[in-house]
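Read through the structure below, which is laid out as structure tokens, and then see the notes.
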Amino acid sequence: MIRAGYRQVRHVLKRGKSSCSDASMRVLGIESSCDDTAAAVVTGDGRILSETNRHQYSVHEAHGGIVPGLAADQHLRNIPEVVRDTLAHANLTIHDIDAIAVTRGPGMPGGLTVGLAAAKTLACVHNKPLIGVHHMEAHALMARMTHTVNFPFVCLLASGGHTLTVAVHGVNEHTLIGSTRDDSVGEAFDKVARELNIPWINAQHGGGPGAALEALALEGDAARFAMPVPMDKTDSARSPDFSFSGLKTHVRRLREAAGFNIQDRQDRADVAAAFQTTAVRHLAKKTALAIVRARDILGTQPQTLVVSGGVACNQAVRAGLEELAMQHKMALVCPPPQLCTDNGVMIAWAGIERLRCGLLDPYSIDFIQRWPLDQLKHMRDRSE
């Protein structure tokens with residue numbers, strides 16, 4: 001962090017505002033880490049003044065997954081209009097914005113570069129504070145905008161790119177408890193959807209292959225196909241880490257062995273239901289271990305389990321973790337489904353949280369493709 005950043009913070013806070021938590025603070029958030037080009041304007045009291053999100057489902061579905069080069073091209077096409085439309089829908093100009101927040105990582109280099117270039121240029125030209133946001137911290141903090149969630153809390157972050165549990169001490173301070181050893185849960189959902197030839201759902205909110213699998217699973221009988229719960233053996237049962245590669249492979253081998261009729265919708269629905277039920281059971285078991293470890297890490301019984309990321313939209317996942325939270329006498333908090341998937345709102349809100357703590361960045365920051373969440377505090381410590 002640089003001294004000029006703190007001067008910018010004071011400038012924002014003294015522009016007729018009584019404190020850094022003033023409700024009238026307006027932050028523009030820009031997200032481009034994967035396949036959504038998104039932007040939003042959010043206020044200090046959590047009001048969403050506008051939000052724009054351009055999805056790329058039609059571009060990537062034929063390839064069976066996200067193609068990084070194509071995603072970057074789409075971000076380059078979309079981002080000027082996304083930012084323009086977001087400001088216009090809020091009836092604001094860039095001069096009305098107090099700070100600009102942008103996803104710095106982790107994510108795909110091409111997409112991150114496009115978003116950062118846009119945000120850095122806007123911030124520098126218009127002399128606005130710039131806040132580089134960790135994508136997963138933004139997911140973790142999103143619940144604090146939509147619900148009353150006090151620090152510390154336990155968080156399960158489940159998305160297409162990540163599956164991890166963390167003890168959240170506060171803004172910029174997280175302790176990693178468990179993470180996936182191979183595929184993320186969202187990646188497993190997407191790949192199993194491809195194995196089952198399930199068409200993607202093309203929707204403004206809650207689309208893609210994972211959502212399509214969830215919809216088909218509602219028609220299925222989960223008990224028809226027995227599937228192994230990952231890491232349920234003696235040597236790995238006590239680890240809080242996740243693993244979804246074996247479960248995904250089990251579905252592929254079942255198909256290759258003609259264990260079900262791929263042309264039969266009911267067969268595919270039953271497999272989808274069995275896979276989803278097993279995946280939820282695995283998530284719940286490992287999150288339960290994380291809650292126990294979090295007590296020692298935090299030195300107190302956490303009161304809240306936050307579940308965020310795109311997979312948190314899944315209603316079966318929410319139901320399984322609701323039961324787990326009740327067992328541990330914790331409140332389960334999930335952001336609304338439209339704010340669980342990648343969006344500009346979460347980036348803007350994380351920017352507000354970091355701005356309140358004086359955590360700004362120079363205009364020279366670059367993307368960080370791989371960025372463990374628990375490194376955030378150490379990066380801050382080294383800069384002081």
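Lettering and numbering for the structure tokens are positional, with chains as A, B, ... in the shown order, residues counted from 1 in each chain, and ligands counted from 1 in the shown order.
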
If you count only C-alpha atoms, which residues fall within 8 Å of Phe242 (chain A), apart from same-chain ones fewer than 6 positions away, as an mmCIF file with N, CA, C and O atoms, in the first residue's frame?
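After the write, around.cif holds the following:
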data_model
loop_
_atom_site.group_PDB
_atom_site.id
_atom_site.type_symbol
_atom_site.label_atom_id
_atom_site.label_comp_id
_atom_site.auth_asym_id
_atom_site.auth_seq_id
_atom_site.Cartn_x
_atom_site.Cartn_y
_atom_site.Cartn_z
ATOM 1 N N THR A 163 -12.827 -24.672 -3.942
ATOM 2 C CA THR A 163 -13.602 -25.235 -2.840
ATOM 3 C C THR A 163 -12.702 -25.182 -1.620
ATOM 4 O O THR A 163 -11.668 -25.869 -1.578
ATOM 5 N N LEU A 164 -13.037 -24.361 -0.647
ATOM 6 C CA LEU A 164 -12.202 -24.202 0.531
ATOM 7 C C LEU A 164 -13.028 -23.743 1.717
ATOM 8 O O LEU A 164 -14.074 -23.110 1.546
ATOM 9 N N GLY A 178 -9.395 -25.964 5.049
ATOM 10 C CA GLY A 178 -9.395 -27.069 4.096
ATOM 11 C C GLY A 178 -9.558 -26.566 2.681
ATOM 12 O O GLY A 178 -10.163 -25.514 2.453
ATOM 13 N N SER A 179 -9.015 -27.312 1.730
ATOM 14 C CA SER A 179 -9.172 -26.942 0.315
ATOM 15 C C SER A 179 -9.234 -28.220 -0.513
ATOM 16 O O SER A 179 -8.941 -29.311 -0.016
ATOM 17 N N THR A 180 -9.593 -28.092 -1.769
ATOM 18 C CA THR A 180 -9.692 -29.277 -2.602
ATOM 19 C C THR A 180 -8.303 -29.765 -3.007
ATOM 20 O O THR A 180 -7.398 -28.967 -3.261
ATOM 21 N N ARG A 181 -8.165 -31.070 -3.054
ATOM 22 C CA ARG A 181 -6.899 -31.667 -3.477
ATOM 23 C C ARG A 181 -6.846 -31.873 -4.977
ATOM 24 O O ARG A 181 -5.788 -32.229 -5.515
ATOM 25 N N ASP A 182 -7.949 -31.671 -5.658
ATOM 26 C CA ASP A 182 -7.977 -31.866 -7.111
ATOM 27 C C ASP A 182 -9.022 -30.935 -7.718
ATOM 28 O O ASP A 182 -8.807 -29.734 -7.779
ATOM 29 N N PRO A 230 -16.172 -39.371 -1.260
ATOM 30 C CA PRO A 230 -14.724 -39.149 -1.327
ATOM 31 C C PRO A 230 -14.091 -39.000 0.049
ATOM 32 O O PRO A 230 -14.717 -38.519 0.995
ATOM 33 N N MET A 231 -12.835 -39.444 0.156
ATOM 34 C CA MET A 231 -12.020 -39.277 1.362
ATOM 35 C C MET A 231 -12.740 -39.771 2.618
ATOM 36 O O MET A 231 -12.725 -39.132 3.661
ATOM 37 N N HIS A 282 -20.351 -35.110 1.058
ATOM 38 C CA HIS A 282 -18.916 -34.862 1.202
ATOM 39 C C HIS A 282 -18.657 -33.426 1.675
ATOM 40 O O HIS A 282 -17.854 -33.200 2.588
ATOM 41 N N LEU A 283 -19.333 -32.477 1.065
ATOM 42 C CA LEU A 283 -19.193 -31.077 1.485
ATOM 43 C C LEU A 283 -19.537 -30.907 2.962
ATOM 44 O O LEU A 283 -18.821 -30.234 3.710
ATOM 45 N N LYS A 286 -16.833 -32.571 5.432
ATOM 46 C CA LYS A 286 -15.578 -31.834 5.532
ATOM 47 C C LYS A 286 -15.786 -30.449 6.152
ATOM 48 O O LYS A 286 -14.906 -29.933 6.854
#

Non-local contacts of Ser32 (chain A) (12 Å; only C-alpha atoms; under 6 positions in same chain excluded) as a ChimeraX atom specification: /A:38-39,53-56,68,71-79,82-83,101-119,133,135,342-344,347,367

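Considering only C-alpha atoms, the residue among A:His89, A:His60, A:Arg47, A:Arg84 positioned nearest to Thr146 (chain A) is A:Arg47.
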
What's the 9 Å shell around Asp98 (chain A), counting only C-alpha atoms, without same-chain residues fewer than 3 positions away, as an MDAnalysis selection string? chainID A and resid 12 25:28 94:95 128:129

Can you check which residues of region 55-231 of chain A DSSP gives as strand (DSSP E or B) on the backbone and send them as a PyMOL selection string? chain A and resi 99-105+130-134+153-158+163-170+173-180+201+208

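Reported to one decimal place, the separation of CA of Gln327 (chain A) from CA of His147 (chain A) is 21.1 Å.
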
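Proximity ranking of A:Leu216, A:Val280, A:Ala237, A:Leu156 relative to Gln266 (chain A) places A:Leu216 first, based on only C-alpha atoms.
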
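What separates CA of Asp361 (chain A) from CA of Leu130 (chain A) is a distance of 5.6 Å.
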
Mind checking which residues fall within 12 Å of Leu254 (chain A), counting only C-alpha atoms, ignoring those fewer than 2 positions away in the same chain, and posting them as a short mmCIF file (atom, residue, chain, number, x, y, z; two decimals) with all heavy atoms, in the first residue's frame?
data_model
loop_
_atom_site.label_atom_id
_atom_site.label_comp_id
_atom_site.auth_asym_id
_atom_site.auth_seq_id
_atom_site.Cartn_x
_atom_site.Cartn_y
_atom_site.Cartn_z
N VAL A 192 -19.59 -33.51 -14.77
CA VAL A 192 -20.59 -34.57 -14.73
C VAL A 192 -21.78 -34.20 -15.62
O VAL A 192 -22.34 -35.07 -16.30
CB VAL A 192 -21.04 -34.86 -13.28
CG1 VAL A 192 -22.26 -35.77 -13.26
CG2 VAL A 192 -19.89 -35.49 -12.49
N GLU A 195 -20.75 -35.24 -18.95
CA GLU A 195 -20.82 -36.70 -19.09
C GLU A 195 -22.25 -37.17 -19.34
O GLU A 195 -22.48 -38.15 -20.05
CB GLU A 195 -20.27 -37.38 -17.84
CG GLU A 195 -18.78 -37.29 -17.64
CD GLU A 195 -17.98 -38.10 -18.64
OE1 GLU A 195 -18.56 -39.00 -19.29
OE2 GLU A 195 -16.77 -37.84 -18.78
N LEU A 196 -23.20 -36.44 -18.77
CA LEU A 196 -24.61 -36.83 -18.89
C LEU A 196 -25.32 -36.13 -20.05
O LEU A 196 -26.54 -36.26 -20.20
CB LEU A 196 -25.34 -36.53 -17.58
CG LEU A 196 -24.84 -37.29 -16.34
CD1 LEU A 196 -25.62 -36.88 -15.09
CD2 LEU A 196 -24.94 -38.79 -16.55
N PHE A 225 -28.39 -45.37 -7.69
CA PHE A 225 -26.98 -45.60 -7.99
C PHE A 225 -26.14 -45.28 -6.75
O PHE A 225 -26.14 -44.14 -6.28
CB PHE A 225 -26.51 -44.74 -9.16
CG PHE A 225 -27.13 -45.11 -10.48
CD1 PHE A 225 -28.27 -44.45 -10.94
CD2 PHE A 225 -26.59 -46.12 -11.26
CE1 PHE A 225 -28.84 -44.78 -12.15
CE2 PHE A 225 -27.16 -46.47 -12.47
CZ PHE A 225 -28.29 -45.80 -12.93
N ALA A 226 -25.44 -46.27 -6.23
CA ALA A 226 -24.56 -46.06 -5.09
C ALA A 226 -23.25 -45.43 -5.56
O ALA A 226 -22.64 -45.90 -6.52
CB ALA A 226 -24.28 -47.37 -4.37
N MET A 227 -22.83 -44.38 -4.90
CA MET A 227 -21.58 -43.71 -5.26
C MET A 227 -20.71 -43.55 -4.03
O MET A 227 -21.21 -43.27 -2.93
CB MET A 227 -21.87 -42.35 -5.90
CG MET A 227 -22.58 -42.45 -7.22
SD MET A 227 -22.48 -40.97 -8.22
CE MET A 227 -23.45 -41.51 -9.65
N LEU A 247 -15.12 -38.91 -7.58
CA LEU A 247 -16.57 -38.96 -7.77
C LEU A 247 -16.93 -38.68 -9.23
O LEU A 247 -17.77 -39.36 -9.82
CB LEU A 247 -17.24 -37.95 -6.84
CG LEU A 247 -18.77 -37.93 -6.81
CD1 LEU A 247 -19.33 -39.29 -6.45
CD2 LEU A 247 -19.25 -36.88 -5.81
N LYS A 248 -16.26 -37.69 -9.80
CA LYS A 248 -16.47 -37.38 -11.22
C LYS A 248 -16.06 -38.56 -12.09
O LYS A 248 -16.79 -38.92 -13.04
CB LYS A 248 -15.63 -36.15 -11.57
CG LYS A 248 -15.59 -35.78 -13.03
CD LYS A 248 -14.41 -34.88 -13.33
CE LYS A 248 -13.10 -35.61 -13.17
NZ LYS A 248 -11.92 -34.77 -13.43
N THR A 249 -14.93 -39.18 -11.77
CA THR A 249 -14.45 -40.33 -12.54
C THR A 249 -15.39 -41.51 -12.42
O THR A 249 -15.59 -42.27 -13.38
CB THR A 249 -13.04 -40.73 -12.06
OG1 THR A 249 -12.16 -39.62 -12.23
CG2 THR A 249 -12.50 -41.91 -12.85
N HIS A 250 -15.99 -41.68 -11.25
CA HIS A 250 -16.95 -42.78 -11.05
C HIS A 250 -18.11 -42.66 -12.03
O HIS A 250 -18.55 -43.67 -12.60
CB HIS A 250 -17.47 -42.76 -9.61
CG HIS A 250 -18.41 -43.86 -9.30
ND1 HIS A 250 -18.00 -45.13 -8.93
CD2 HIS A 250 -19.78 -43.91 -9.33
CE1 HIS A 250 -19.06 -45.90 -8.73
NE2 HIS A 250 -20.15 -45.18 -8.96
N VAL A 251 -18.60 -41.45 -12.24
CA VAL A 251 -19.71 -41.25 -13.18
C VAL A 251 -19.25 -41.56 -14.60
O VAL A 251 -19.98 -42.21 -15.37
CB VAL A 251 -20.24 -39.81 -13.09
CG1 VAL A 251 -21.29 -39.55 -14.18
CG2 VAL A 251 -20.83 -39.54 -11.72
N ARG A 252 -18.03 -41.14 -14.94
CA ARG A 252 -17.54 -41.41 -16.29
C ARG A 252 -17.40 -42.91 -16.55
O ARG A 252 -17.79 -43.41 -17.61
CB ARG A 252 -16.18 -40.73 -16.50
CG ARG A 252 -15.69 -40.80 -17.96
CD ARG A 252 -14.31 -40.27 -18.14
NE ARG A 252 -13.32 -41.23 -17.64
CZ ARG A 252 -12.41 -40.95 -16.75
NH1 ARG A 252 -12.33 -39.75 -16.20
NH2 ARG A 252 -11.53 -41.88 -16.36
N GLU A 256 -19.12 -45.36 -19.27
CA GLU A 256 -18.32 -46.16 -20.20
C GLU A 256 -18.66 -47.65 -20.09
O GLU A 256 -18.59 -48.39 -21.07
CB GLU A 256 -16.83 -45.95 -19.92
CG GLU A 256 -16.35 -44.55 -20.30
CD GLU A 256 -14.92 -44.29 -19.85
OE1 GLU A 256 -14.38 -45.10 -19.06
OE2 GLU A 256 -14.33 -43.28 -20.28
N ALA A 257 -19.06 -48.07 -18.88
CA ALA A 257 -19.42 -49.47 -18.68
C ALA A 257 -20.89 -49.74 -18.99
O ALA A 257 -21.38 -50.86 -18.75
CB ALA A 257 -19.14 -49.87 -17.23
N ALA A 258 -21.56 -48.73 -19.55
CA ALA A 258 -22.99 -48.85 -19.88
C ALA A 258 -23.81 -49.20 -18.65
O ALA A 258 -24.76 -49.99 -18.72
CB ALA A 258 -23.20 -49.86 -21.00
N GLY A 259 -23.41 -48.59 -17.52
CA GLY A 259 -24.15 -48.82 -16.29
C GLY A 259 -25.50 -48.14 -16.27
O GLY A 259 -26.32 -48.38 -15.38
N PHE A 260 -25.74 -47.29 -17.25
CA PHE A 260 -27.04 -46.65 -17.43
C PHE A 260 -27.18 -46.27 -18.89
O PHE A 260 -26.20 -46.23 -19.65
CB PHE A 260 -27.20 -45.42 -16.53
CG PHE A 260 -26.24 -44.30 -16.85
CD1 PHE A 260 -26.61 -43.26 -17.69
CD2 PHE A 260 -24.96 -44.28 -16.30
CE1 PHE A 260 -25.73 -42.23 -17.98
CE2 PHE A 260 -24.08 -43.24 -16.58
CZ PHE A 260 -24.45 -42.22 -17.41
N ASN A 261 -28.37 -45.99 -19.30
CA ASN A 261 -28.67 -45.64 -20.69
C ASN A 261 -28.58 -44.13 -20.86
O ASN A 261 -29.43 -43.40 -20.35
CB ASN A 261 -30.05 -46.15 -21.07
CG ASN A 261 -30.39 -45.88 -22.54
OD1 ASN A 261 -29.60 -45.27 -23.26
ND2 ASN A 261 -31.56 -46.35 -22.97
N ILE A 262 -27.56 -43.67 -21.55
CA ILE A 262 -27.34 -42.23 -21.70
C ILE A 262 -28.46 -41.57 -22.50
O ILE A 262 -28.67 -40.36 -22.40
CB ILE A 262 -25.97 -41.96 -22.37
CG1 ILE A 262 -25.60 -40.47 -22.28
CG2 ILE A 262 -25.98 -42.43 -23.83
CD1 ILE A 262 -25.39 -39.96 -20.89
N ASP A 267 -32.77 -42.33 -16.51
CA ASP A 267 -31.47 -42.85 -16.09
C ASP A 267 -30.51 -41.70 -15.79
O ASP A 267 -29.80 -41.70 -14.77
CB ASP A 267 -30.86 -43.73 -17.19
CG ASP A 267 -31.36 -45.16 -17.11
OD1 ASP A 267 -32.34 -45.41 -16.38
OD2 ASP A 267 -30.76 -46.03 -17.77
N ARG A 268 -30.47 -40.73 -16.66
CA ARG A 268 -29.56 -39.59 -16.46
C ARG A 268 -29.95 -38.79 -15.23
O ARG A 268 -29.10 -38.31 -14.48
CB ARG A 268 -29.55 -38.70 -17.71
CG ARG A 268 -28.88 -39.36 -18.91
CD ARG A 268 -28.72 -38.42 -20.07
NE ARG A 268 -30.01 -38.03 -20.62
CZ ARG A 268 -30.35 -36.79 -20.99
NH1 ARG A 268 -29.50 -35.79 -20.82
NH2 ARG A 268 -31.53 -36.55 -21.50
N VAL A 271 -28.73 -40.71 -12.11
CA VAL A 271 -27.29 -40.55 -11.92
C VAL A 271 -26.98 -39.15 -11.39
O VAL A 271 -26.17 -38.97 -10.48
CB VAL A 271 -26.53 -40.82 -13.23
CG1 VAL A 271 -25.04 -40.48 -13.06
CG2 VAL A 271 -26.68 -42.27 -13.65
N PHE A 275 -25.15 -38.42 -7.86
CA PHE A 275 -23.91 -37.62 -7.80
C PHE A 275 -24.10 -36.42 -6.87
O PHE A 275 -23.25 -36.16 -6.00
CB PHE A 275 -23.52 -37.15 -9.19
CG PHE A 275 -22.54 -36.01 -9.18
CD1 PHE A 275 -21.19 -36.24 -8.94
CD2 PHE A 275 -22.97 -34.69 -9.34
CE1 PHE A 275 -20.28 -35.19 -8.89
CE2 PHE A 275 -22.07 -33.64 -9.30
CZ PHE A 275 -20.72 -33.89 -9.07
#

Enumerate, as a PyMOL selection string, the complete set of residues in region 222-305 of chain A that a backbone-based DSSP assignment places in alpha helix (DSSP H). chain A and resi 245-256+265-298

Find the residues near Leu339 (chain A): any atom within 9 Å, counting only C-alpha atoms, skip ones fewer than 5 places away on the same chain, and give them as a count of residues only. 10

Selection near Ser50 (chain A), 9 Å with only C-alpha atoms, sequence-local residues under 6 positions removed, as a PyMOL selection string: chain A and resi 39-42+85-91+345

I need the chosen residues saved as a compact mmCIF listing (two decimals), in the first residue's frame, with all heavy atoms.
# COMPACT_ATOMS: atom_id res chain seq x y z
N ALA A 39 -20.24 -5.48 -13.67
CA ALA A 39 -19.94 -4.25 -12.95
C ALA A 39 -21.16 -3.87 -12.13
O ALA A 39 -22.29 -4.26 -12.45
CB ALA A 39 -19.56 -3.13 -13.90
N ALA A 40 -20.93 -3.10 -11.07
CA ALA A 40 -22.03 -2.66 -10.21
C ALA A 40 -21.58 -1.42 -9.45
O ALA A 40 -20.39 -1.20 -9.24
CB ALA A 40 -22.43 -3.75 -9.23
N VAL A 41 -22.57 -0.63 -9.04
CA VAL A 41 -22.33 0.49 -8.13
C VAL A 41 -23.08 0.19 -6.85
O VAL A 41 -24.29 -0.05 -6.86
CB VAL A 41 -22.79 1.83 -8.73
CG1 VAL A 41 -22.58 2.95 -7.71
CG2 VAL A 41 -22.05 2.13 -10.02
N VAL A 42 -22.34 0.19 -5.74
CA VAL A 42 -22.90 -0.15 -4.43
C VAL A 42 -22.57 0.96 -3.45
O VAL A 42 -21.50 1.57 -3.52
CB VAL A 42 -22.34 -1.50 -3.93
CG1 VAL A 42 -22.85 -1.82 -2.53
CG2 VAL A 42 -22.71 -2.62 -4.89
N ASP A 85 -23.03 1.14 -19.14
CA ASP A 85 -24.42 0.87 -18.79
C ASP A 85 -24.64 0.89 -17.28
O ASP A 85 -25.69 1.33 -16.80
CB ASP A 85 -24.84 -0.49 -19.36
CG ASP A 85 -24.91 -0.49 -20.89
OD1 ASP A 85 -24.79 0.60 -21.49
OD2 ASP A 85 -25.04 -1.59 -21.46
N THR A 86 -23.66 0.40 -16.54
CA THR A 86 -23.79 0.38 -15.07
C THR A 86 -23.89 1.80 -14.52
O THR A 86 -24.75 2.08 -13.66
CB THR A 86 -22.58 -0.34 -14.44
OG1 THR A 86 -22.55 -1.69 -14.93
CG2 THR A 86 -22.68 -0.35 -12.92
N LEU A 87 -23.06 2.68 -15.01
CA LEU A 87 -23.12 4.07 -14.55
C LEU A 87 -24.42 4.73 -15.01
O LEU A 87 -25.06 5.47 -14.25
CB LEU A 87 -21.91 4.86 -15.08
CG LEU A 87 -20.55 4.48 -14.47
CD1 LEU A 87 -19.43 5.17 -15.23
CD2 LEU A 87 -20.50 4.85 -12.99
N ALA A 88 -24.82 4.46 -16.25
CA ALA A 88 -26.04 5.08 -16.78
C ALA A 88 -27.28 4.64 -16.02
O ALA A 88 -28.16 5.45 -15.70
CB ALA A 88 -26.17 4.74 -18.27
N HIS A 89 -27.35 3.33 -15.69
CA HIS A 89 -28.52 2.82 -14.98
C HIS A 89 -28.60 3.37 -13.55
O HIS A 89 -29.68 3.45 -12.97
CB HIS A 89 -28.49 1.29 -14.94
CG HIS A 89 -28.64 0.67 -16.29
ND1 HIS A 89 -28.22 -0.62 -16.58
CD2 HIS A 89 -29.18 1.15 -17.44
CE1 HIS A 89 -28.49 -0.89 -17.84
NE2 HIS A 89 -29.07 0.16 -18.39
N ALA A 90 -27.46 3.75 -13.01
CA ALA A 90 -27.43 4.36 -11.68
C ALA A 90 -27.65 5.88 -11.75
O ALA A 90 -27.69 6.54 -10.71
CB ALA A 90 -26.11 4.08 -10.99
N ASN A 91 -27.77 6.38 -12.97
CA ASN A 91 -27.90 7.83 -13.20
C ASN A 91 -26.71 8.59 -12.61
O ASN A 91 -26.87 9.64 -11.97
CB ASN A 91 -29.22 8.36 -12.61
CG ASN A 91 -29.59 9.73 -13.17
OD1 ASN A 91 -29.21 10.09 -14.29
ND2 ASN A 91 -30.32 10.50 -12.38
N VAL A 345 -21.37 -6.74 -7.88
CA VAL A 345 -21.80 -6.27 -6.55
C VAL A 345 -20.81 -6.72 -5.49
O VAL A 345 -20.40 -5.95 -4.62
CB VAL A 345 -23.21 -6.78 -6.22
CG1 VAL A 345 -23.58 -6.44 -4.78
CG2 VAL A 345 -24.23 -6.18 -7.18

Would you pick out the contacts of Gly161 (chain A) at 7 Å or less, using only C-alpha atoms, so that residues sharing its chain but fewer than 4 positions from it are not included, and give the list as a VMD selection string? chain A and resid 184 186 to 187

I need the residues from that last selection saved to file as a CSV table (one decimal), in the first residue's frame (with all heavy atoms), if you can.
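Just written: again.csv:
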chain,number,residue,atom,x,y,z
A,184,SER,N,-12.5,-28.7,-8.1
A,184,SER,CA,-13.4,-28.0,-7.2
A,184,SER,C,-14.8,-28.7,-7.4
A,184,SER,O,-15.1,-29.4,-8.3
A,184,SER,CB,-13.5,-26.5,-7.7
A,184,SER,OG,-14.2,-26.4,-8.9
A,186,GLY,N,-17.6,-27.2,-8.0
A,186,GLY,CA,-18.3,-26.6,-9.2
A,186,GLY,C,-17.8,-27.2,-10.5
A,186,GLY,O,-18.5,-27.5,-11.4
A,187,GLU,N,-16.5,-27.5,-10.6
A,187,GLU,CA,-15.9,-28.1,-11.7
A,187,GLU,C,-16.4,-29.5,-11.9
A,187,GLU,O,-16.7,-30.0,-13.0
A,187,GLU,CB,-14.4,-28.2,-11.6
A,187,GLU,CG,-13.6,-28.8,-12.8
A,187,GLU,CD,-12.1,-28.8,-12.6
A,187,GLU,OE1,-11.7,-28.4,-11.5
A,187,GLU,OE2,-11.4,-29.2,-13.6

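The smallest atom-to-atom distance between Arg293 (chain A) and any of A:Pro336, A:Pro240, A:Gly320, A:Gly220, using only C-alpha atoms, is found for A:Pro240.
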
re CA of Asp296 (chain A) and CA of Ala167 (chain A): distance 10.2 Å

I'd like to know which of A:His174, A:Arg194, A:Arg238, A:His134 is closest to Ala62 (chain A), using only C-alpha atoms. A:Arg194

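Minimum atom-to-atom distances from A:Asn127, A:Thr341, A:Ser243, A:Ser364 to Cys34 (chain A) were compared using only C-alpha atoms, and the lowest value belongs to A:Thr341.
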
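Minimum atom-to-atom distances from A:Ala123, A:Leu305, A:Ile352, A:Ile198 to Ala143 (chain A) were compared using only C-alpha atoms, and the lowest value belongs to A:Leu305.
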